[in-house]
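K.L.:
Structure supplied as upload-v6.cif; contents: mmCIF, C-alpha atoms and all ligand atoms.
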```cif
data_structure
loop_
_atom_site.label_atom_id
_atom_site.label_comp_id
_atom_site.auth_asym_id
_atom_site.auth_seq_id
_atom_site.Cartn_x
_atom_site.Cartn_y
_atom_site.Cartn_z
CA MET A 1 18.40 -21.67 3.16
CA MET A 2 16.82 -25.11 3.01
CA ALA A 3 13.98 -25.56 0.53
CA SER A 4 11.73 -26.96 3.25
CA ARG A 5 11.72 -23.53 4.90
CA ASN A 6 9.40 -22.40 2.13
CA ARG A 7 6.69 -24.90 2.94
CA PRO A 8 3.76 -22.82 4.19
CA GLU A 9 3.43 -24.67 7.49
CA GLU A 10 7.06 -23.89 8.31
CA THR A 11 6.89 -20.21 7.51
CA VAL A 12 5.38 -17.84 10.03
CA ALA A 13 6.05 -14.44 8.53
CA ARG A 14 7.91 -13.06 5.54
CA VAL A 15 8.21 -9.63 3.99
CA ASP A 16 9.06 -9.40 0.31
CA ARG A 17 10.38 -6.08 -1.10
CA LEU A 18 7.98 -4.16 1.10
CA THR A 19 7.74 -0.41 0.69
CA MET A 20 5.68 1.44 3.28
CA ALA A 21 4.39 4.95 2.69
CA PHE A 22 1.83 7.44 3.92
CA GLY A 23 0.70 9.30 0.83
CA ASP A 24 3.86 10.38 -0.97
CA THR A 25 6.04 10.02 2.10
CA VAL A 26 8.02 6.78 2.09
CA VAL A 27 8.72 5.43 5.57
CA GLN A 28 10.89 2.45 4.54
CA ARG A 29 11.54 0.80 1.20
CA ASP A 30 12.52 -2.64 -0.11
CA LEU A 31 12.33 -4.49 3.18
CA ASP A 32 13.08 -8.15 2.59
CA PHE A 33 13.21 -10.64 5.42
CA GLU A 34 11.85 -13.90 6.70
CA ILE A 35 11.33 -14.76 10.34
CA VAL A 36 12.54 -18.19 11.34
CA PRO A 37 9.84 -20.03 13.32
CA GLY A 38 10.50 -20.10 17.06
CA THR A 39 12.75 -17.05 17.09
CA ILE A 40 12.38 -13.84 19.03
CA PHE A 41 12.81 -11.28 16.28
CA ALA A 42 13.36 -7.62 17.15
CA ILE A 43 12.56 -4.68 14.93
CA MET A 44 14.84 -1.86 16.08
CA GLY A 45 15.99 1.61 15.18
CA PRO A 46 15.62 5.23 16.31
CA SER A 47 12.27 6.77 17.09
CA GLY A 48 10.27 7.49 13.94
CA CYS A 49 12.17 5.04 11.69
CA GLY A 50 9.04 3.00 11.03
CA LYS A 51 9.07 0.15 13.56
CA SER A 52 5.41 0.42 14.55
CA THR A 53 4.44 1.00 10.93
CA LEU A 54 6.21 -2.22 9.94
CA LEU A 55 4.45 -4.14 12.69
CA ARG A 56 1.12 -2.75 11.55
CA HIS A 57 1.89 -3.82 7.98
CA MET A 58 2.67 -7.32 9.24
CA VAL A 59 -0.72 -7.64 10.92
CA GLY A 60 -2.75 -6.38 8.01
CA LEU A 61 -3.56 -2.90 9.31
CA HIS A 62 -1.75 -1.04 6.52
CA GLU A 63 -1.63 -2.03 2.88
CA PRO A 64 1.87 -2.01 1.35
CA ALA A 65 2.71 0.77 -1.12
CA ALA A 66 4.68 -1.98 -2.87
CA GLY A 67 5.78 -5.51 -2.10
CA ARG A 68 4.14 -8.31 -0.16
CA VAL A 69 3.56 -9.56 3.35
CA PHE A 70 3.30 -13.30 3.91
CA LEU A 71 1.71 -14.78 7.03
CA GLY A 72 1.83 -18.55 7.46
CA GLY A 73 3.18 -18.77 3.92
CA GLU A 74 0.24 -16.94 2.36
CA ASN A 75 0.33 -13.62 0.54
CA PHE A 76 -1.88 -11.59 2.86
CA TRP A 77 -3.12 -8.90 0.46
CA GLY A 78 -3.67 -11.42 -2.31
CA LEU A 79 -6.39 -13.13 -0.26
CA GLU A 80 -10.09 -12.56 0.10
CA GLN A 81 -11.17 -10.78 3.27
CA HIS A 82 -12.39 -13.91 5.04
CA ASP A 83 -9.07 -15.66 4.41
CA ARG A 84 -7.24 -12.60 5.72
CA ASN A 85 -9.31 -12.79 8.88
CA ARG A 86 -8.48 -16.48 9.23
CA LEU A 87 -4.75 -15.67 8.96
CA LEU A 88 -5.00 -12.85 11.47
CA GLN A 89 -6.45 -15.24 14.01
CA GLN A 90 -3.02 -16.93 14.01
CA ALA A 91 -1.43 -13.64 15.01
CA GLY A 92 -1.55 -12.35 18.57
CA VAL A 93 -1.01 -8.62 18.83
CA LEU A 94 -0.10 -6.35 21.71
CA PHE A 95 0.06 -2.73 20.61
CA GLN A 96 2.06 0.00 22.27
CA GLY A 97 -0.86 1.30 24.30
CA GLY A 98 -1.91 -2.29 24.91
CA ALA A 99 -5.25 -1.06 26.19
CA LEU A 100 -7.51 -3.54 27.92
CA TRP A 101 -11.24 -2.89 27.93
CA SER A 102 -11.64 -1.03 31.19
CA SER A 103 -15.25 -2.07 31.80
CA MET A 104 -14.32 -5.77 31.72
CA THR A 105 -12.41 -7.86 34.21
CA VAL A 106 -9.08 -9.39 33.25
CA ALA A 107 -10.75 -12.75 32.57
CA GLU A 108 -13.46 -11.12 30.45
CA ASN A 109 -10.80 -9.30 28.43
CA VAL A 110 -9.02 -12.57 27.67
CA ALA A 111 -12.28 -14.39 26.94
CA LEU A 112 -13.55 -11.84 24.44
CA PRO A 113 -11.56 -12.98 21.36
CA LEU A 114 -12.67 -16.57 22.05
CA GLU A 115 -16.29 -15.49 22.33
CA LEU A 116 -16.10 -13.43 19.15
CA PHE A 117 -14.11 -15.76 16.92
CA THR A 118 -14.83 -19.32 18.11
CA ASP A 119 -17.93 -21.35 18.90
CA ARG A 120 -16.39 -22.92 21.97
CA SER A 121 -18.60 -23.54 24.99
CA PRO A 122 -18.42 -21.16 27.95
CA GLU A 123 -16.79 -23.94 30.01
CA LEU A 124 -14.07 -24.50 27.42
CA ILE A 125 -13.47 -20.76 27.15
CA ALA A 126 -13.21 -20.45 30.93
CA ASP A 127 -10.61 -23.26 30.92
CA GLN A 128 -8.63 -21.54 28.19
CA VAL A 129 -8.74 -18.19 29.99
CA ALA A 130 -7.56 -19.75 33.25
CA PHE A 131 -4.72 -21.50 31.41
CA LYS A 132 -3.55 -18.30 29.70
CA LEU A 133 -3.78 -16.23 32.89
CA ALA A 134 -1.74 -18.85 34.75
CA LEU A 135 0.87 -18.74 31.96
CA VAL A 136 1.38 -15.01 32.44
CA GLY A 137 1.32 -15.20 36.23
CA LEU A 138 -2.10 -13.63 36.70
CA ALA A 139 -4.06 -16.62 37.97
CA GLY A 140 -5.15 -14.65 41.01
CA ALA A 141 -6.26 -11.56 39.11
CA SER A 142 -9.00 -12.90 36.88
CA ASP A 143 -11.82 -10.94 38.49
CA VAL A 144 -9.91 -7.68 38.81
CA TYR A 145 -10.60 -4.65 36.60
CA PRO A 146 -7.69 -3.21 34.59
CA ALA A 147 -7.62 0.06 36.54
CA ALA A 148 -6.60 -1.88 39.65
CA LEU A 149 -3.56 -3.48 37.98
CA SER A 150 0.04 -2.28 37.97
CA GLY A 151 1.61 -1.40 34.60
CA GLY A 152 3.46 -4.71 34.47
CA MET A 153 0.33 -6.68 35.29
CA ARG A 154 -1.58 -4.82 32.58
CA LYS A 155 1.04 -5.84 30.04
CA ARG A 156 0.75 -9.44 31.22
CA ALA A 157 -3.01 -9.32 30.86
CA GLY A 158 -2.58 -7.89 27.36
CA LEU A 159 -0.24 -10.78 26.57
CA ALA A 160 -2.78 -13.29 27.86
CA ARG A 161 -5.40 -11.70 25.62
CA ALA A 162 -2.99 -11.79 22.64
CA LEU A 163 -2.49 -15.51 23.36
CA ALA A 164 -6.19 -16.29 23.67
CA MET A 165 -6.52 -17.73 20.17
CA ASP A 166 -3.31 -19.81 20.42
CA PRO A 167 -1.44 -17.75 17.82
CA ARG A 168 1.68 -19.04 16.09
CA VAL A 169 3.15 -15.54 16.17
CA LEU A 170 3.02 -12.81 18.78
CA PHE A 171 3.52 -9.24 17.57
CA LEU A 172 4.52 -6.92 20.39
CA ASP A 173 5.07 -3.17 20.07
CA GLU A 174 7.43 -1.85 22.76
CA PRO A 175 6.12 -4.28 25.39
CA SER A 176 8.28 -2.91 28.19
CA ALA A 177 7.76 0.79 27.43
CA GLY A 178 6.71 2.68 30.52
CA LEU A 179 7.53 -0.14 32.92
CA ASP A 180 9.97 0.14 35.80
CA PRO A 181 13.21 -1.83 35.23
CA LEU A 182 12.20 -4.78 37.40
CA SER A 183 8.82 -5.18 35.68
CA ALA A 184 10.50 -4.83 32.30
CA ARG A 185 12.98 -7.62 33.09
CA ARG A 186 10.14 -9.80 34.36
CA LEU A 187 8.31 -9.23 31.10
CA ASP A 188 11.43 -10.31 29.18
CA THR A 189 11.58 -13.50 31.24
CA LEU A 190 7.90 -14.10 30.59
CA ILE A 191 8.35 -13.69 26.81
CA LEU A 192 11.18 -16.24 26.90
CA ARG A 193 8.98 -18.63 28.90
CA LEU A 194 6.08 -18.26 26.46
CA ARG A 195 8.38 -19.13 23.60
CA ALA A 196 9.68 -22.17 25.50
CA THR A 197 6.30 -23.49 26.63
CA LEU A 198 4.12 -22.61 23.64
CA GLY A 199 6.71 -22.61 20.85
CA VAL A 200 5.36 -19.24 19.77
CA THR A 201 7.39 -17.00 17.45
CA VAL A 202 7.77 -13.43 18.72
CA VAL A 203 8.13 -10.31 16.58
CA MET A 204 8.92 -7.45 18.90
CA VAL A 205 9.45 -3.75 18.33
CA THR A 206 11.84 -2.30 20.84
CA HIS A 207 14.46 0.36 21.33
CA GLU A 208 15.34 -1.03 24.72
CA LEU A 209 18.84 -2.45 24.59
CA GLU A 210 18.52 -4.54 27.69
CA SER A 211 15.58 -6.42 26.22
CA LEU A 212 17.28 -6.74 22.88
CA PHE A 213 20.39 -8.34 24.29
CA ALA A 214 18.51 -10.44 26.81
CA ILE A 215 15.98 -12.08 24.55
CA ALA A 216 16.28 -11.33 20.82
CA ASP A 217 17.86 -14.06 18.66
CA ASP A 218 17.58 -12.05 15.50
CA SER A 219 16.91 -8.43 14.61
CA LEU A 220 16.42 -5.92 11.84
CA TYR A 221 17.66 -2.33 12.02
CA LEU A 222 15.59 0.26 10.17
CA ASP A 223 17.62 3.30 9.21
CA PRO A 224 15.63 6.54 9.08
CA GLU A 225 18.19 8.31 6.84
CA THR A 226 18.33 5.85 3.94
CA LYS A 227 14.83 4.60 4.73
CA THR A 228 15.80 0.99 4.49
CA ALA A 229 16.97 -1.90 6.65
CA ILE A 230 20.74 -1.74 6.90
CA ALA A 231 21.43 -4.56 9.35
CA ARG A 232 20.07 -7.98 10.19
CA GLY A 233 21.30 -10.48 12.75
CA ALA A 234 21.71 -11.24 16.43
CA PRO A 235 22.02 -7.93 18.35
CA ARG A 236 25.30 -9.04 20.01
CA ASP A 237 26.86 -9.74 16.64
CA LEU A 238 25.67 -6.47 15.12
CA GLN A 239 26.92 -4.57 18.15
CA LYS A 240 30.47 -5.70 17.41
CA GLN A 241 30.49 -6.31 13.71
CA SER A 242 28.03 -4.15 11.84
CA GLU A 243 29.67 -2.28 8.99
CA HIS A 244 27.36 0.66 9.72
CA ASP A 245 28.44 3.21 12.34
CA GLN A 246 24.87 4.12 13.21
CA VAL A 247 24.00 0.48 14.01
CA ARG A 248 27.02 0.05 16.28
CA GLU A 249 26.31 3.40 17.93
CA PHE A 250 22.66 2.49 18.44
CA LEU A 251 23.66 -0.79 20.06
CA ASN A 252 26.51 0.64 22.15
CA THR A 253 25.45 4.01 23.49
CA ARG A 254 22.19 3.49 25.28
CA LEU A 255 22.92 1.05 28.06
P1 LIG A 301 8.59 4.20 15.22
O1 LIG A 301 7.60 3.19 15.71
O2 LIG A 301 9.84 3.59 14.69
O3 LIG A 301 8.91 5.25 16.25
P2 LIG A 301 6.46 4.90 13.38
O4 LIG A 301 6.30 3.63 12.63
O5 LIG A 301 5.46 5.19 14.42
O6 LIG A 301 7.95 4.99 13.98
O7 LIG A 301 6.46 6.12 12.36
C1 LIG A 301 7.29 6.14 11.21
C2 LIG A 301 7.01 7.42 10.41
O8 LIG A 301 5.73 7.34 9.84
C3 LIG A 301 7.04 8.68 11.26
O9 LIG A 301 7.60 9.70 10.48
C4 LIG A 301 5.58 8.95 11.54
O10 LIG A 301 5.36 10.31 11.71
C5 LIG A 301 4.91 8.43 10.26
N1 LIG A 301 3.55 7.91 10.51
C6 LIG A 301 3.22 6.91 11.36
N2 LIG A 301 1.90 6.65 11.32
C7 LIG A 301 1.38 7.53 10.41
C8 LIG A 301 0.06 7.76 9.90
N3 LIG A 301 -0.99 7.04 10.33
N4 LIG A 301 -0.10 8.74 8.98
C9 LIG A 301 0.96 9.45 8.53
N5 LIG A 301 2.23 9.27 8.97
C10 LIG A 301 2.45 8.32 9.88
MG MG A 302 6.59 2.98 17.53
#
```
Starting from the coordinates I provided, produce the structure as structure tokens.

P.N.:
Amino acid sequence: MMASRNRPEETVARVDRLTMAFGDTVVQRDLDFEIVPGTIFAIMGPSGCGKSTLLRHMVGLHEPAAGRVFLGGENFWGLEQHDRNRLLQQAGVLFQGGALWSSMTVAENVALPLELFTDRSPELIADQVAFKLALVGLAGASDVYPAALSGGMRKRAGLARALAMDPRVLFLDEPSAGLDPLSARRLDTLILRLRATLGVTVVMVTHELESLFAIADDSLYLDPETKTAIARGAPRDLQKQSEHDQVREFLNTRL
């Protein structure tokens, strides 16, 4: 790996010998990986292996039992709280539920992070909101309340909100879960377009093979038996070449 990769401005996220646990129960141990800027990176593995837990560690919601999480080249838990908050503003997050605030319109949902965390004028915020809604194909839905949206549109609105602060990294937990196949494929296409137009890095939890093969450049497989990551690479390569039966089975049996 080139030395320049370690310059903070060129590093978006890195995990260094991370062990995750709830009390005495270890979820995964010794995770060690760096995410190359501009990639779509998938965290995969069977249900319960620790995918969501890893994502939550990467956005500062759980403190590591051991090891470190780096965001933008900085050791997250080594920082003071206000520096942690500054780092987290560079991370857009869409959780599995992806809940929008139901009492606010789509535009108000997307505007809220900008109102809370910036001192931009209402006009500037309105411009930003319109831009983000257009990016996700919801230009016409700004004044609609979440309850009136389809599942796919709700995910798009959640993405627009995650993008409100112009993050360098988007963290998405099972973005296409619960969507019909057409909406799920449209969401994949949208994620690819966001990467192309904004240059954003995407860290995505998924157990959906179609998404994996369609959009992930790189991936990490968390094994629930050994409680560690046993494979790393492009899903297509792992599907054919992983030395681990369970990885090949995972990538071959669910289409
Ligand atoms: P995945 O997203 O891969 O399905 P999770 O990360 O949600 O898996 O969960 C990994 C393991 O950690 C599971 O055994 C789950 O029961 C446990 N777990 C997740 N969150 C908590 C929590 N807040 N407290 C205790 N155990 C948890
Ligand atoms: Mg999960």

K.L.:
Kindly work out which residues sit at most 9 Å from ligand MG 302 (chain A), using all atoms listed in the file, and give the list as an MDAnalysis selection string.

P.N.:
chainID A and resid 47:53 55 96 173:174 205:206

K.L.:
Please return as a list in words every residue within 9 Å of (3.1, -13.6, 33.7), taking into account all atoms listed in the file and the file's own coordinates.

P.N.:
Leu133, Ala134, Leu135, Val136, Gly137, Leu138, Ala139, Gly152, Met153, Lys155, Arg156, Ala157, Leu159, Ala160, Arg186, Leu187, Thr189, Leu190 and Ile191 of chain A

K.L.:
Between A:Asp127, A:Glu74, A:Asp24, A:Asp143, which one has atoms that come closest to ligand LIG 301 (chain A), using only C-alpha atoms and all ligand atoms?

P.N.:
A:Asp24

K.L.:
Looking at A:Ile125, A:Leu222, A:Ile40, A:Leu212, which one is nearest to ligand LIG 301 (chain A), with distances taken over all atoms listed in the file?

P.N.:
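The shortest atom-to-atom distance to ligand LIG 301 (chain A) comes from A:Leu222.
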
K.L.:
Under the rule that all atoms listed in the file are counted, which of A:Val110, A:Ser121, A:Gly158, A:Gly38 is the nearest residue to Leu192 in chain A?

P.N.:
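Comparing A:Val110, A:Ser121, A:Gly158, A:Gly38 against Leu192 in chain A, the winner is A:Gly38.
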
K.L.:
Report, in Å to a single decimal, how far apart CA of Glu63 in chain A and CA of Met20 in chain A are.

P.N.:
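Calculated distance between CA of Met20 in chain A and CA of Glu63 in chain A is 8.1 Å.
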
K.L.:
For CA of Arg168 in chain A and CA of Val200 in chain A, determine how far apart the two atoms are, in Å to one decimal place.

P.N.:
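Here the two named atoms are 5.2 Å from each other.
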
K.L.:
Looking at A:Asp237, A:Glu225, A:Glu249, A:Asp83, which one is nearest to ligand LIG 301 (chain A), with distances taken over all atoms listed in the file?

P.N.:
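Comparing A:Asp237, A:Glu225, A:Glu249, A:Asp83 against ligand LIG 301 (chain A), the winner is A:Glu225.
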
K.L.:
For CA of Thr253 in chain A and CA of Phe41 in chain A, determine how far apart the two atoms are, in Å to one decimal place.

P.N.:
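Going from CA of Thr253 in chain A over to CA of Phe41 in chain A covers 21.1 Å.
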
K.L.:
For Asn109 in chain A, please output as an MDAnalysis selection string all residues within 10 Å (counting all atoms listed in the file; exclusion window: fewer than 3 positions along the same chain).

P.N.:
chainID A and resid 100:106 112:114 129 142 145:146 157:158 160:161 164

K.L.:
I need the residue nearest ligand LIG 301 (chain A) from this list: A:Leu198, A:Leu54, A:Ser219, A:Asp245. Use all atoms listed in the file for the distance.

P.N.:
A:Leu54

K.L.:
Contacts of Ala231 in chain A at 10 Å or less, counting only C-alpha atoms, minus same-chain residues fewer than 2 places along, as a tab-separated table (two decimals) with C-alpha atoms, keeping the file's coordinate frame?

P.N.:
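Output file result_16.tsv follows:
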```tsv
chain	number	residue	atom	x	y	z
A	44	MET	CA	14.84	-1.86	16.08
A	219	SER	CA	16.91	-8.43	14.61
A	220	LEU	CA	16.42	-5.92	11.84
A	221	TYR	CA	17.66	-2.33	12.02
A	222	LEU	CA	15.59	0.26	10.17
A	223	ASP	CA	17.62	3.30	9.21
A	228	THR	CA	15.80	0.99	4.49
A	229	ALA	CA	16.97	-1.90	6.65
A	233	GLY	CA	21.30	-10.48	12.75
A	234	ALA	CA	21.71	-11.24	16.43
A	235	PRO	CA	22.02	-7.93	18.35
A	238	LEU	CA	25.67	-6.47	15.12
A	242	SER	CA	28.03	-4.15	11.84
A	243	GLU	CA	29.67	-2.28	8.99
A	244	HIS	CA	27.36	0.66	9.72
A	247	VAL	CA	24.00	0.48	14.01
```

K.L.:
Can you pull out every residue within 8 Å of Leu170 in chain A, counting all atoms listed in the file, but drop anything in the same chain fewer than 5 positions away, and send it as an MDAnalysis selection string?

P.N.:
chainID A and resid 91:94 162:163 200:204

K.L.:
Could those selected residues go to a file with C-alpha atoms, as a short mmCIF file (atom, residue, chain, number, x, y, z; two decimals), keeping the file's coordinate frame?

P.N.:
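Written out: again-v7.cif:
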```cif
data_model
loop_
_atom_site.label_atom_id
_atom_site.label_comp_id
_atom_site.auth_asym_id
_atom_site.auth_seq_id
_atom_site.Cartn_x
_atom_site.Cartn_y
_atom_site.Cartn_z
CA ALA A 91 -1.43 -13.64 15.01
CA GLY A 92 -1.55 -12.35 18.57
CA VAL A 93 -1.01 -8.62 18.83
CA LEU A 94 -0.10 -6.35 21.71
CA ALA A 162 -2.99 -11.79 22.64
CA LEU A 163 -2.49 -15.51 23.36
CA VAL A 200 5.36 -19.24 19.77
CA THR A 201 7.39 -17.00 17.45
CA VAL A 202 7.77 -13.43 18.72
CA VAL A 203 8.13 -10.31 16.58
CA MET A 204 8.92 -7.45 18.90
#
```

K.L.:
Write a file for range 62-85 of chain A of the given structure; include N, CA and C atoms and format it as an mmCIF file, in the first residue's frame.

P.N.:
```
data_model
loop_
_atom_site.group_PDB
_atom_site.id
_atom_site.type_symbol
_atom_site.label_atom_id
_atom_site.label_comp_id
_atom_site.auth_asym_id
_atom_site.auth_seq_id
_atom_site.Cartn_x
_atom_site.Cartn_y
_atom_site.Cartn_z
ATOM 1 N N HIS A 62 -21.001 2.826 19.463
ATOM 2 C CA HIS A 62 -20.536 1.852 20.449
ATOM 3 C C HIS A 62 -19.044 2.060 20.620
ATOM 4 N N GLU A 63 -18.587 1.947 21.845
ATOM 5 C CA GLU A 63 -17.157 2.058 22.104
ATOM 6 C C GLU A 63 -16.524 0.670 21.979
ATOM 7 N N PRO A 64 -15.378 0.581 21.277
ATOM 8 C CA PRO A 64 -14.736 -0.725 21.111
ATOM 9 C C PRO A 64 -14.374 -1.363 22.453
ATOM 10 N N ALA A 65 -14.490 -2.693 22.532
ATOM 11 C CA ALA A 65 -13.967 -3.416 23.697
ATOM 12 C C ALA A 65 -12.448 -3.385 23.635
ATOM 13 N N ALA A 66 -11.918 -3.417 22.401
ATOM 14 C CA ALA A 66 -10.470 -3.256 22.188
ATOM 15 C C ALA A 66 -10.275 -2.772 20.761
ATOM 16 N N GLY A 67 -9.147 -2.137 20.509
ATOM 17 C CA GLY A 67 -8.839 -1.681 19.162
ATOM 18 C C GLY A 67 -9.348 -0.276 18.912
ATOM 19 N N ARG A 68 -9.165 0.173 17.667
ATOM 20 C CA ARG A 68 -9.466 1.571 17.349
ATOM 21 C C ARG A 68 -10.264 1.710 16.055
ATOM 22 N N VAL A 69 -11.005 2.785 15.998
ATOM 23 C CA VAL A 69 -11.746 3.161 14.796
ATOM 24 C C VAL A 69 -11.233 4.528 14.350
ATOM 25 N N PHE A 70 -10.797 4.604 13.111
ATOM 26 C CA PHE A 70 -10.328 5.873 12.558
ATOM 27 C C PHE A 70 -11.346 6.402 11.559
ATOM 28 N N LEU A 71 -11.691 7.664 11.692
ATOM 29 C CA LEU A 71 -12.537 8.331 10.695
ATOM 30 C C LEU A 71 -11.741 9.527 10.184
ATOM 31 N N GLY A 72 -11.658 9.661 8.845
ATOM 32 C CA GLY A 72 -10.871 10.762 8.308
ATOM 33 C C GLY A 72 -9.458 10.799 8.869
ATOM 34 N N GLY A 73 -8.899 9.628 9.152
ATOM 35 C CA GLY A 73 -7.523 9.551 9.631
ATOM 36 C C GLY A 73 -7.358 9.802 11.122
ATOM 37 N N GLU A 74 -8.443 10.094 11.821
ATOM 38 C CA GLU A 74 -8.320 10.402 13.252
ATOM 39 C C GLU A 74 -8.898 9.277 14.113
ATOM 40 N N ASN A 75 -8.221 9.018 15.199
ATOM 41 C CA ASN A 75 -8.606 7.971 16.143
ATOM 42 C C ASN A 75 -9.822 8.443 16.941
ATOM 43 N N PHE A 76 -10.997 7.951 16.547
ATOM 44 C CA PHE A 76 -12.249 8.516 17.043
ATOM 45 C C PHE A 76 -12.317 8.599 18.562
ATOM 46 N N TRP A 77 -12.031 7.479 19.242
ATOM 47 C CA TRP A 77 -12.227 7.447 20.698
ATOM 48 C C TRP A 77 -11.087 8.113 21.456
ATOM 49 N N GLY A 78 -10.042 8.488 20.719
ATOM 50 C CA GLY A 78 -8.963 9.239 21.361
ATOM 51 C C GLY A 78 -9.231 10.733 21.388
ATOM 52 N N LEU A 79 -10.342 11.158 20.801
ATOM 53 C CA LEU A 79 -10.632 12.595 20.675
ATOM 54 C C LEU A 79 -11.561 13.084 21.769
ATOM 55 N N GLU A 80 -11.532 14.381 21.963
ATOM 56 C CA GLU A 80 -12.524 15.026 22.840
ATOM 57 C C GLU A 80 -13.888 14.976 22.148
ATOM 58 N N GLN A 81 -14.935 15.080 22.970
ATOM 59 C CA GLN A 81 -16.293 14.971 22.436
ATOM 60 C C GLN A 81 -16.570 15.944 21.275
ATOM 61 N N HIS A 82 -16.107 17.175 21.379
ATOM 62 C CA HIS A 82 -16.477 18.117 20.309
ATOM 63 C C HIS A 82 -15.756 17.789 19.008
ATOM 64 N N ASP A 83 -14.568 17.169 19.104
ATOM 65 C CA ASP A 83 -13.889 16.721 17.886
ATOM 66 C C ASP A 83 -14.562 15.464 17.316
ATOM 67 N N ARG A 84 -15.076 14.630 18.205
ATOM 68 C CA ARG A 84 -15.850 13.471 17.715
ATOM 69 C C ARG A 84 -17.067 13.952 16.940
ATOM 70 N N ASN A 85 -17.744 14.938 17.481
ATOM 71 C CA ASN A 85 -18.936 15.454 16.799
ATOM 72 C C ASN A 85 -18.574 16.033 15.432
#
```
